[in-house]
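Enquirer: Enclosed is the structure file upload-v6.cif (mmCIF, C-alpha atoms and all ligand atoms).
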```
data_input
#
loop_
_atom_site.group_PDB
_atom_site.id
_atom_site.type_symbol
_atom_site.label_atom_id
_atom_site.label_comp_id
_atom_site.auth_asym_id
_atom_site.auth_seq_id
_atom_site.Cartn_x
_atom_site.Cartn_y
_atom_site.Cartn_z
ATOM 1 C CA PRO A 29 -7.534 -21.526 2.602
ATOM 2 C CA ASP A 30 -8.882 -18.179 3.894
ATOM 3 C CA GLU A 31 -7.948 -16.496 0.608
ATOM 4 C CA ALA A 32 -10.774 -18.332 -1.111
ATOM 5 C CA LEU A 33 -13.334 -16.419 0.991
ATOM 6 C CA LEU A 34 -12.977 -13.488 -1.400
ATOM 7 C CA LYS A 35 -12.040 -13.930 -5.042
ATOM 8 C CA ILE A 36 -10.064 -11.003 -6.438
ATOM 9 C CA GLU A 37 -9.824 -10.586 -10.204
ATOM 10 C CA GLN A 38 -8.947 -7.781 -12.571
ATOM 11 C CA GLU A 39 -10.520 -7.145 -15.978
ATOM 12 C CA GLY A 40 -8.957 -4.114 -17.626
ATOM 13 C CA ALA A 41 -9.302 -1.291 -15.116
ATOM 14 C CA VAL A 42 -12.090 -3.056 -13.195
ATOM 15 C CA ARG A 43 -11.360 -4.888 -9.922
ATOM 16 C CA LEU A 44 -13.887 -7.679 -9.468
ATOM 17 C CA LEU A 45 -14.439 -8.843 -5.886
ATOM 18 C CA THR A 46 -16.522 -11.996 -5.425
ATOM 19 C CA LEU A 47 -17.745 -12.990 -1.961
ATOM 20 C CA ASN A 48 -17.037 -16.687 -1.941
ATOM 21 C CA ARG A 49 -18.824 -18.658 0.780
ATOM 22 C CA PRO A 50 -21.639 -19.951 -1.423
ATOM 23 C CA GLN A 51 -22.529 -22.765 0.997
ATOM 24 C CA ALA A 52 -23.703 -20.070 3.486
ATOM 25 C CA LEU A 53 -25.016 -17.590 0.878
ATOM 26 C CA ASN A 54 -21.747 -15.652 1.382
ATOM 27 C CA ALA A 55 -22.637 -14.726 4.972
ATOM 28 C CA PHE A 56 -19.984 -12.554 6.609
ATOM 29 C CA THR A 57 -17.433 -14.129 8.893
ATOM 30 C CA THR A 58 -14.858 -11.863 10.508
ATOM 31 C CA ALA A 59 -12.252 -13.337 8.138
ATOM 32 C CA LEU A 60 -14.368 -12.416 5.105
ATOM 33 C CA LEU A 61 -14.941 -8.902 6.464
ATOM 34 C CA VAL A 62 -11.206 -8.421 6.959
ATOM 35 C CA GLN A 63 -10.467 -9.715 3.469
ATOM 36 C CA LEU A 64 -13.100 -7.474 1.915
ATOM 37 C CA ARG A 65 -11.793 -4.438 3.750
ATOM 38 C CA ASP A 66 -8.183 -5.258 2.788
ATOM 39 C CA ALA A 67 -9.210 -5.785 -0.846
ATOM 40 C CA LEU A 68 -10.984 -2.415 -0.916
ATOM 41 C CA GLU A 69 -7.968 -0.657 0.600
ATOM 42 C CA LEU A 70 -5.667 -2.374 -1.885
ATOM 43 C CA ALA A 71 -7.882 -1.337 -4.794
ATOM 44 C CA ALA A 72 -8.015 2.222 -3.444
ATOM 45 C CA ARG A 73 -4.228 2.456 -3.538
ATOM 46 C CA ASP A 74 -3.787 0.731 -6.923
ATOM 47 C CA ALA A 75 -3.700 3.217 -9.790
ATOM 48 C CA SER A 76 -4.614 0.459 -12.269
ATOM 49 C CA VAL A 77 -8.060 0.171 -10.639
ATOM 50 C CA ARG A 78 -10.651 2.669 -11.904
ATOM 51 C CA CYS A 79 -13.846 0.889 -10.796
ATOM 52 C CA VAL A 80 -14.684 -1.852 -8.298
ATOM 53 C CA LEU A 81 -17.412 -4.424 -8.887
ATOM 54 C CA ILE A 82 -18.698 -6.524 -5.985
ATOM 55 C CA THR A 83 -20.745 -9.682 -6.459
ATOM 56 C CA GLY A 84 -21.397 -13.052 -4.805
ATOM 57 C CA ALA A 85 -20.590 -16.637 -5.769
ATOM 58 C CA GLY A 86 -23.416 -19.143 -6.086
ATOM 59 C CA ARG A 87 -27.112 -18.385 -5.603
ATOM 60 C CA GLY A 88 -26.784 -15.621 -2.979
ATOM 61 C CA PHE A 89 -25.180 -12.196 -2.836
ATOM 62 C CA CYS A 90 -24.637 -12.045 0.945
ATOM 63 C CA ALA A 91 -26.867 -13.256 3.814
ATOM 64 C CA GLY A 92 -25.388 -10.755 6.289
ATOM 65 C CA GLN A 93 -23.606 -11.731 9.468
ATOM 66 C CA ASP A 94 -22.862 -15.445 9.788
ATOM 67 C CA LEU A 95 -25.121 -16.229 12.709
ATOM 68 C CA SER A 96 -23.174 -19.354 13.613
ATOM 69 C CA ASP A 97 -19.984 -17.324 14.221
ATOM 70 C CA PRO A 98 -18.760 -18.093 17.775
ATOM 71 C CA LEU A 99 -18.016 -14.362 18.175
ATOM 72 C CA ILE A 100 -21.723 -13.474 18.271
ATOM 73 C CA LYS A 101 -23.545 -16.783 18.813
ATOM 74 C CA PRO A 102 -25.885 -16.344 21.806
ATOM 75 C CA PRO A 103 -25.524 -18.621 24.819
ATOM 76 C CA MET A 104 -26.779 -22.067 23.781
ATOM 77 C CA ALA A 105 -26.339 -23.522 27.265
ATOM 78 C CA ALA A 106 -26.844 -22.289 30.815
ATOM 79 C CA GLY A 107 -23.869 -20.481 32.294
ATOM 80 C CA GLU A 108 -22.540 -19.054 28.996
ATOM 81 C CA ALA A 109 -22.379 -15.234 28.776
ATOM 82 C CA PRO A 110 -23.902 -13.318 25.829
ATOM 83 C CA LYS A 111 -21.372 -11.767 23.408
ATOM 84 C CA ASP A 112 -20.901 -8.067 22.697
ATOM 85 C CA ILE A 113 -22.107 -7.445 19.149
ATOM 86 C CA GLY A 114 -20.738 -3.896 19.355
ATOM 87 C CA HIS A 115 -17.240 -5.370 19.336
ATOM 88 C CA LEU A 116 -17.970 -7.088 16.020
ATOM 89 C CA LEU A 117 -19.376 -3.895 14.509
ATOM 90 C CA ASN A 118 -16.600 -1.619 15.777
ATOM 91 C CA ASN A 119 -13.757 -3.889 14.757
ATOM 92 C CA TYR A 120 -14.985 -5.488 11.535
ATOM 93 C CA TYR A 121 -18.096 -3.907 9.970
ATOM 94 C CA ILE A 122 -17.301 -0.246 10.532
ATOM 95 C CA PRO A 123 -13.783 -0.375 9.020
ATOM 96 C CA MET A 124 -15.159 -2.188 5.962
ATOM 97 C CA ALA A 125 -18.125 0.201 5.538
ATOM 98 C CA LEU A 126 -15.876 3.265 5.897
ATOM 99 C CA SER A 127 -13.423 1.937 3.313
ATOM 100 C CA LEU A 128 -16.296 1.258 0.913
ATOM 101 C CA ARG A 129 -17.761 4.738 1.288
ATOM 102 C CA ALA A 130 -14.383 6.441 0.870
ATOM 103 C CA MET A 131 -13.320 4.615 -2.296
ATOM 104 C CA PRO A 132 -11.584 6.993 -4.735
ATOM 105 C CA VAL A 133 -13.288 5.178 -7.636
ATOM 106 C CA PRO A 134 -16.908 4.197 -8.274
ATOM 107 C CA VAL A 135 -18.155 0.934 -6.757
ATOM 108 C CA ILE A 136 -20.892 -1.192 -8.314
ATOM 109 C CA ALA A 137 -22.808 -4.030 -6.662
ATOM 110 C CA ALA A 138 -24.001 -6.856 -8.900
ATOM 111 C CA VAL A 139 -26.563 -8.477 -6.624
ATOM 112 C CA ASN A 140 -26.843 -11.992 -8.001
ATOM 113 C CA GLY A 141 -29.153 -13.386 -5.311
ATOM 114 C CA VAL A 142 -30.505 -12.630 -1.862
ATOM 115 C CA ALA A 143 -28.934 -9.688 -0.007
ATOM 116 C CA ALA A 144 -29.983 -9.891 3.645
ATOM 117 C CA GLY A 145 -29.056 -7.927 6.763
ATOM 118 C CA ALA A 146 -25.553 -6.524 6.499
ATOM 119 C CA GLY A 147 -25.412 -8.060 3.011
ATOM 120 C CA ALA A 148 -28.142 -5.622 1.954
ATOM 121 C CA SER A 149 -26.226 -2.784 3.627
ATOM 122 C CA LEU A 150 -23.103 -3.766 1.679
ATOM 123 C CA ALA A 151 -24.998 -3.630 -1.627
ATOM 124 C CA LEU A 152 -26.775 -0.372 -0.797
ATOM 125 C CA GLY A 153 -23.503 1.216 0.294
ATOM 126 C CA CYS A 154 -22.230 0.866 -3.274
ATOM 127 C CA ASP A 155 -22.666 3.706 -5.779
ATOM 128 C CA LEU A 156 -24.778 1.856 -8.332
ATOM 129 C CA VAL A 157 -26.670 -1.355 -7.596
ATOM 130 C CA LEU A 158 -27.635 -3.793 -10.329
ATOM 131 C CA ALA A 159 -29.605 -6.874 -9.331
ATOM 132 C CA ALA A 160 -30.750 -10.082 -10.979
ATOM 133 C CA GLU A 161 -34.540 -10.295 -11.254
ATOM 134 C CA SER A 162 -34.463 -13.376 -9.001
ATOM 135 C CA ALA A 163 -32.517 -11.478 -6.319
ATOM 136 C CA SER A 164 -34.108 -9.858 -3.294
ATOM 137 C CA PHE A 165 -33.300 -7.483 -0.461
ATOM 138 C CA ILE A 166 -34.217 -8.345 3.117
ATOM 139 C CA GLN A 167 -33.749 -6.128 6.169
ATOM 140 C CA ALA A 168 -33.437 -9.303 8.215
ATOM 141 C CA PHE A 169 -32.316 -7.540 11.403
ATOM 142 C CA SER A 170 -35.751 -7.036 12.963
ATOM 143 C CA LYS A 171 -36.447 -10.771 12.748
ATOM 144 C CA ILE A 172 -33.607 -11.467 15.181
ATOM 145 C CA GLY A 173 -34.086 -8.497 17.491
ATOM 146 C CA LEU A 174 -31.536 -6.088 15.986
ATOM 147 C CA ILE A 175 -31.522 -2.795 14.092
ATOM 148 C CA PRO A 176 -30.178 -2.294 10.560
ATOM 149 C CA ASP A 177 -26.410 -1.902 10.785
ATOM 150 C CA CYS A 178 -23.345 -1.628 8.562
ATOM 151 C CA GLY A 179 -24.785 1.746 7.465
ATOM 152 C CA GLY A 180 -28.374 0.565 7.008
ATOM 153 C CA THR A 181 -29.986 3.223 9.215
ATOM 154 C CA TRP A 182 -28.117 5.961 7.331
ATOM 155 C CA LEU A 183 -28.618 4.564 3.852
ATOM 156 C CA LEU A 184 -32.245 3.414 3.895
ATOM 157 C CA PRO A 185 -34.033 6.713 4.655
ATOM 158 C CA ARG A 186 -31.728 8.561 2.263
ATOM 159 C CA LEU A 187 -32.457 6.119 -0.541
ATOM 160 C CA VAL A 188 -36.209 5.656 -0.148
ATOM 161 C CA GLY A 189 -37.426 8.115 2.513
ATOM 162 C CA ARG A 190 -38.365 7.535 6.145
ATOM 163 C CA ALA A 191 -41.753 5.873 5.621
ATOM 164 C CA LYS A 192 -40.452 3.251 3.205
ATOM 165 C CA ALA A 193 -37.268 2.795 5.261
ATOM 166 C CA LEU A 194 -39.383 2.057 8.329
ATOM 167 C CA GLU A 195 -41.588 -0.330 6.369
ATOM 168 C CA LEU A 196 -38.566 -2.279 5.142
ATOM 169 C CA ALA A 197 -36.688 -2.215 8.453
ATOM 170 C CA LEU A 198 -39.617 -3.000 10.763
ATOM 171 C CA LEU A 199 -41.269 -5.711 8.702
ATOM 172 C CA GLY A 200 -38.097 -7.288 7.313
ATOM 173 C CA ASP A 201 -40.041 -8.631 4.344
ATOM 174 C CA LYS A 202 -38.399 -9.881 1.173
ATOM 175 C CA LEU A 203 -38.237 -7.094 -1.423
ATOM 176 C CA PRO A 204 -37.858 -8.467 -4.964
ATOM 177 C CA ALA A 205 -35.287 -6.745 -7.201
ATOM 178 C CA ALA A 206 -37.892 -5.285 -9.580
ATOM 179 C CA GLU A 207 -39.728 -3.681 -6.656
ATOM 180 C CA ALA A 208 -36.398 -2.422 -5.272
ATOM 181 C CA GLN A 209 -35.842 -0.677 -8.605
ATOM 182 C CA ARG A 210 -39.398 0.697 -8.675
ATOM 183 C CA ILE A 211 -39.033 2.387 -5.273
ATOM 184 C CA GLY A 212 -35.599 3.796 -6.116
ATOM 185 C CA LEU A 213 -33.643 1.597 -3.709
ATOM 186 C CA ILE A 214 -31.436 0.293 -6.523
ATOM 187 C CA TYR A 215 -30.420 1.394 -10.005
ATOM 188 C CA ARG A 216 -31.680 -1.539 -12.133
ATOM 189 C CA ALA A 217 -33.073 -5.056 -12.034
ATOM 190 C CA LEU A 218 -32.017 -7.258 -14.952
ATOM 191 C CA PRO A 219 -32.757 -10.750 -16.258
ATOM 192 C CA ASP A 220 -30.505 -13.168 -14.341
ATOM 193 C CA ALA A 221 -28.594 -14.265 -17.427
ATOM 194 C CA GLU A 222 -27.629 -10.668 -18.250
ATOM 195 C CA LEU A 223 -26.461 -9.499 -14.824
ATOM 196 C CA ALA A 224 -22.754 -10.414 -14.892
ATOM 197 C CA ALA A 225 -22.107 -9.060 -18.408
ATOM 198 C CA GLU A 226 -24.182 -5.901 -17.913
ATOM 199 C CA ALA A 227 -22.504 -5.170 -14.577
ATOM 200 C CA MET A 228 -19.043 -5.603 -16.103
ATOM 201 C CA ALA A 229 -20.000 -3.406 -19.084
ATOM 202 C CA LEU A 230 -21.226 -0.695 -16.698
ATOM 203 C CA ALA A 231 -18.039 -1.015 -14.633
ATOM 204 C CA GLN A 232 -15.863 -0.679 -17.765
ATOM 205 C CA LYS A 233 -17.865 2.362 -18.825
ATOM 206 C CA LEU A 234 -17.395 4.042 -15.431
ATOM 207 C CA ALA A 235 -13.691 3.093 -15.463
ATOM 208 C CA SER A 236 -13.280 5.062 -18.707
ATOM 209 C CA MET A 237 -14.875 8.161 -17.161
ATOM 210 C CA PRO A 238 -13.192 10.818 -14.972
ATOM 211 C CA VAL A 239 -13.310 8.652 -11.824
ATOM 212 C CA LYS A 240 -11.854 11.328 -9.566
ATOM 213 C CA ALA A 241 -14.876 13.491 -10.357
ATOM 214 C CA LEU A 242 -17.234 10.534 -9.877
ATOM 215 C CA ALA A 243 -15.868 9.889 -6.375
ATOM 216 C CA ALA A 244 -16.097 13.611 -5.611
ATOM 217 C CA THR A 245 -19.722 13.561 -6.835
ATOM 218 C CA ARG A 246 -20.550 10.835 -4.305
ATOM 219 C CA GLN A 247 -18.819 12.872 -1.617
ATOM 220 C CA ALA A 248 -20.630 16.095 -2.559
ATOM 221 C CA LEU A 249 -24.056 14.400 -2.555
ATOM 222 C CA ASP A 250 -23.396 12.766 0.822
ATOM 223 C CA ASP A 251 -22.076 16.038 2.256
ATOM 224 C CA ALA A 252 -25.044 18.007 0.914
ATOM 225 C CA LEU A 253 -27.487 15.898 2.914
ATOM 226 C CA LEU A 254 -25.889 17.239 6.074
ATOM 227 C CA LEU A 255 -25.443 20.870 4.982
ATOM 228 C CA ASP A 256 -27.682 23.912 4.543
ATOM 229 C CA PHE A 257 -28.020 25.372 1.049
ATOM 230 C CA GLU A 258 -25.253 27.933 1.300
ATOM 231 C CA ALA A 259 -22.854 25.465 2.900
ATOM 232 C CA ALA A 260 -23.605 23.002 0.090
ATOM 233 C CA LEU A 261 -22.904 25.706 -2.509
ATOM 234 C CA ARG A 262 -19.583 26.459 -0.840
ATOM 235 C CA ASN A 263 -18.692 22.786 -0.607
ATOM 236 C CA GLU A 264 -19.430 22.435 -4.349
ATOM 237 C CA ALA A 265 -17.154 25.400 -5.043
ATOM 238 C CA LEU A 266 -14.348 23.858 -2.978
ATOM 239 C CA LEU A 267 -14.590 20.441 -4.638
ATOM 240 C CA GLN A 268 -15.039 21.997 -8.090
ATOM 241 C CA SER A 269 -12.028 24.205 -7.562
ATOM 242 C CA ARG A 270 -9.881 21.156 -6.757
ATOM 243 C CA LEU A 271 -11.193 19.301 -9.802
ATOM 244 C CA GLY A 272 -10.551 22.349 -11.965
ATOM 245 C CA PHE A 273 -6.829 21.990 -11.314
ATOM 246 C CA ALA A 274 -6.890 18.254 -12.080
ATOM 247 C CA GLY A 275 -5.792 16.766 -15.388
ATOM 248 C CA ASP A 276 -9.144 15.174 -16.232
ATOM 249 C CA TYR A 277 -10.944 18.502 -16.340
ATOM 250 C CA GLN A 278 -8.260 19.942 -18.617
ATOM 251 C CA GLU A 279 -8.397 16.834 -20.803
ATOM 252 C CA GLY A 280 -12.213 16.668 -20.886
ATOM 253 C CA THR A 281 -12.591 20.291 -21.861
ATOM 254 C CA ARG A 282 -9.736 20.232 -24.377
ATOM 255 C CA ALA A 283 -11.133 17.072 -25.973
ATOM 256 C CA PHE A 284 -14.562 18.708 -26.246
ATOM 257 C CA LEU A 285 -13.111 21.800 -27.918
ATOM 258 C CA GLU A 286 -10.936 19.677 -30.223
ATOM 259 C CA LYS A 287 -13.917 17.435 -31.050
ATOM 260 C CA ARG A 288 -12.137 14.215 -30.021
ATOM 261 C CA LYS A 289 -12.699 11.448 -27.474
ATOM 262 C CA PRO A 290 -11.154 12.286 -24.084
ATOM 263 C CA SER A 291 -8.739 9.967 -22.323
ATOM 264 C CA PHE A 292 -9.053 10.292 -18.534
ATOM 265 C CA THR A 293 -6.251 9.239 -16.202
ATOM 266 C CA ASP A 294 -6.754 11.065 -12.863
ATOM 267 C CA ARG A 295 -7.548 9.087 -9.789
HETATM 268 O O1 LIG A 301 -24.793 -10.447 15.912
HETATM 269 C C1 LIG A 301 -25.072 -9.973 14.817
HETATM 270 O O2 LIG A 301 -25.814 -10.576 14.061
HETATM 271 C C2 LIG A 301 -24.437 -8.640 14.469
HETATM 272 C C3 LIG A 301 -24.445 -8.335 13.066
HETATM 273 C C4 LIG A 301 -25.544 -8.067 12.400
HETATM 274 C C5 LIG A 301 -25.553 -7.883 10.959
HETATM 275 C C6 LIG A 301 -26.536 -8.778 10.266
HETATM 276 O O3 LIG A 301 -26.328 -9.021 9.097
HETATM 277 S S1 LIG A 301 -27.878 -9.365 11.091
HETATM 278 C C7 LIG A 301 -28.736 -10.316 9.881
HETATM 279 C C8 LIG A 301 -28.134 -11.653 9.696
HETATM 280 N N1 LIG A 301 -28.729 -12.360 8.602
HETATM 281 C C9 LIG A 301 -29.908 -12.957 8.666
HETATM 282 O O4 LIG A 301 -30.601 -12.914 9.664
HETATM 283 C C10 LIG A 301 -30.338 -13.751 7.453
HETATM 284 C C11 LIG A 301 -30.373 -15.226 7.771
HETATM 285 N N2 LIG A 301 -30.675 -15.987 6.599
HETATM 286 C C12 LIG A 301 -31.928 -16.121 6.120
HETATM 287 O O5 LIG A 301 -32.894 -15.581 6.638
HETATM 288 C C13 LIG A 301 -32.094 -16.991 4.910
HETATM 289 O O6 LIG A 301 -30.966 -17.806 4.779
HETATM 290 C C14 LIG A 301 -32.271 -16.165 3.604
HETATM 291 C C15 LIG A 301 -33.647 -15.486 3.611
HETATM 292 C C16 LIG A 301 -31.169 -15.121 3.438
HETATM 293 C C17 LIG A 301 -32.205 -17.130 2.389
HETATM 294 O O7 LIG A 301 -33.113 -18.184 2.571
HETATM 295 P P1 LIG A 301 -33.016 -19.488 1.666
HETATM 296 O O8 LIG A 301 -34.194 -20.345 2.039
HETATM 297 O O9 LIG A 301 -32.856 -19.099 0.253
HETATM 298 O O10 LIG A 301 -31.641 -20.211 2.072
HETATM 299 P P2 LIG A 301 -31.338 -21.021 3.429
HETATM 300 O O11 LIG A 301 -31.644 -22.469 3.220
HETATM 301 O O12 LIG A 301 -31.915 -20.351 4.592
HETATM 302 O O13 LIG A 301 -29.724 -20.830 3.507
HETATM 303 C C18 LIG A 301 -28.817 -21.647 2.747
HETATM 304 C C19 LIG A 301 -27.669 -22.014 3.664
HETATM 305 O O14 LIG A 301 -27.018 -20.807 4.069
HETATM 306 C C20 LIG A 301 -28.150 -22.689 4.946
HETATM 307 O O15 LIG A 301 -27.158 -23.602 5.331
HETATM 308 P P3 LIG A 301 -27.430 -25.193 5.238
HETATM 309 O O16 LIG A 301 -28.668 -25.476 6.020
HETATM 310 O O17 LIG A 301 -27.595 -25.448 3.758
HETATM 311 O O18 LIG A 301 -26.193 -25.797 5.811
HETATM 312 C C21 LIG A 301 -28.203 -21.547 5.925
HETATM 313 O O19 LIG A 301 -28.070 -21.949 7.260
HETATM 314 C C22 LIG A 301 -26.994 -20.741 5.489
HETATM 315 N N3 LIG A 301 -27.143 -19.333 5.890
HETATM 316 C C23 LIG A 301 -27.942 -18.409 5.371
HETATM 317 N N4 LIG A 301 -27.814 -17.255 6.007
HETATM 318 C C24 LIG A 301 -26.904 -17.453 6.971
HETATM 319 C C25 LIG A 301 -26.466 -18.781 6.914
HETATM 320 N N5 LIG A 301 -25.562 -19.278 7.764
HETATM 321 C C26 LIG A 301 -25.080 -18.436 8.703
HETATM 322 N N6 LIG A 301 -25.454 -17.144 8.807
HETATM 323 C C27 LIG A 301 -26.357 -16.618 7.976
HETATM 324 N N7 LIG A 301 -26.690 -15.318 8.073
#
```
Just give me the structure as structure tokens.

Expert:
Amino acid sequence: PDEALLKIEQEGAVRLLTLNRPQALNAFTTALLVQLRDALELAARDASVRCVLITGAGRGFCAGQDLSDPLIKPPMAAGEAPKDIGHLLNNYYIPMALSLRAMPVPVIAAVNGVAAGAGASLALGCDLVLAAESASFIQAFSKIGLIPDCGGTWLLPRLVGRAKALELALLGDKLPAAEAQRIGLIYRALPDAELAAEAMALAQKLASMPVKALAATRQALDDALLLDFEAALRNEALLQSRLGFAGDYQEGTRAFLEKRKPSFTDR
């Protein structure tokens, strides 16, 4: 029965992962986190996968940690000891977030409804985020006495700057998709009825591109945020040198010179 927590489908070279606990707005249980991590690792190793698309079943994308999970539920009666949330993060969230960030192919989030807490971090950890106009992003952590996790503290200031990151994280207000697009938190907000098809079309487009270079682009941008200018230049040269030996670069350049459509296969 656990398999139903995450639906795994393939459409051409696109691996579609659907969080599937709609009755709880796809809130994360440890089982769902393990399945998501395993599915990402499987996709990473599968040469037939050239783009991953993550979405949610039902009216939500992901409401973050399932707060009724016995692993983290606070003492409800006298005598019970509080649980260590760090254990949950170290053993379940961090492995999933690291797998997501290290994917050798681009990853798109199709945010079909509310993305709260770690659910927002999951979406924002993807390379391109599309959202339905009715969807929203909520940094729900502050409301329950926590900090943004699952990469939230790293991602938010990088995406929207410190002032906006603090506004979102401290207040924990609901940010509608259109506003999320306006402030540069996400790529695009779309009419609800268009989200699934547009997200799949974007995923297919990315899958037809030189995905090895796209993953290296993500890596180079992330690296650059931690490097000084010269170190970033040298990192670019290193990554570019590797790509220069790869088949896609040869194919892309040859196709350009021969005035034909390239066919990329590297991964
Ligand atoms: O210990 C730790 O927490 C460590 C890990 C931290 C990472 C985190 O993600 S912390 C943040 C956790 N998430 C939240 O605090 C969000 C909680 N949910 C909400 O605030 C609201 O549900 C939403 C604003 C997201 C959506 O509101 P609304 O009115 O559209 O839906 P609803 O009626 O609240 O929820 C629908 C059902 O989903 C409901 O169940 P019911 O009453 O129909 O049986 C609700 O209880 C359930 N649900 C929603 N979010 C969660 C959840 N159940 C468990 N955990 C949830 N996070």

Enquirer: Please evaluate the PyMOL selection byres (((chain A and resi 72) around 12) and not hetatm) against the structure above and give the resulting residues as a ChimeraX atom specification.

Expert: /A:42-43,65-71,73-80,127-135,239-240,243,295

Enquirer: Given only C-alpha atoms as the basis, pick out the residue of A:Pro102, A:Gly84, A:Gly153, A:Ala259 nearest to Arg246 in chain A.

Expert: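 Smallest separation from Arg246 in chain A among the options: A:Gly153.
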
Enquirer: Using all atoms listed in the file, which of A:Ala241, A:Ala91, A:Leu33, A:Leu266 sits nearest ligand LIG 301 (chain A)?

Expert: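 Residue with the minimum atom-to-atom distance to ligand LIG 301 (chain A): A:Ala91.
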
Enquirer: Let me have all residues with an atom within 9 Å of ligand LIG 301 (chain A), counting all atoms listed in the file, laid out as a ChimeraX atom specification.

Expert: /A:50-57,87-88,90-97,99-102,111-114,116-117,121,141-149,164-178,202

Enquirer: So how far away is CA of Ile214 in chain A from CA of Val157 in chain A, in Å?

Expert: 5.2 Å

Enquirer: Please determine, counting all atoms listed in the file, which residue among A:Leu218, A:Arg186, A:Ala235, A:Gly280 has the shortest atom-to-atom distance to Asp250 in chain A.

Expert: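 Between A:Leu218, A:Arg186, A:Ala235, A:Gly280, the residue approaching Asp250 in chain A most closely is A:Arg186.
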
Enquirer: List as a ChimeraX atom specification the protein and nucleic acid residues near range 219-230 of chain A, meaning an atom at most 12 Å away when all atoms listed in the file are counted, but skip any in the same chain fewer than 3 places from it.

Expert: /A:38-46,79-85,87,134-141,155-163,205-206,215-216,233-237

Enquirer: For a quick check of understanding, using only C-alpha atoms, which of A:Pro123, A:Gly86, A:Pro185, A:Gly272 has the smallest distance to Gln63 in chain A?

Expert: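 The closest residue to Gln63 in chain A is A:Pro123.
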
Enquirer: Within 12 Å of Ala274 in chain A, counting all atoms listed in the file, which residues qualify if same-chain residues fewer than 2 places away don't, as an MDAnalysis selection string?

Expert: chainID A and resid 238:241 267:272 276:281 292:295

Enquirer: Hey, can you check how far CA of Leu61 in chain A sits from CA of Pro110 in chain A?

Expert: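 Going from CA of Leu61 in chain A over to CA of Pro110 in chain A covers 21.8 Å.
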
Enquirer: Might you pull out every residue within 7 Å of Ile211 in chain A, with all atoms listed in the file counted and same-chain residues fewer than 3 positions away left off, and present them as a list in words?

Expert: Val188, Glu207 and Ala208 of chain A

Enquirer: Please report the interatomic distance between CA of Leu196 in chain A and CA of Ala59 in chain A in Å with one decimal.

Expert: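 It comes out at 28.7 Å.
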
Enquirer: For Ala265 in chain A, which of A:Ala283, A:Ala244, A:Ala231, A:Leu60 is the closest residue, counting all atoms listed in the file?

Expert: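 Once distances to Ala265 in chain A are computed over all atoms listed in the file, the minimum belongs to A:Ala244.
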
Enquirer: In terms of the shortest atom-to-atom distance over all atoms listed in the file, which of A:Gly212, A:Phe257, A:Asp201, A:Gln247 is closest to Gly189 in chain A?

Expert: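 Between A:Gly212, A:Phe257, A:Asp201, A:Gln247, the residue approaching Gly189 in chain A most closely is A:Gly212.
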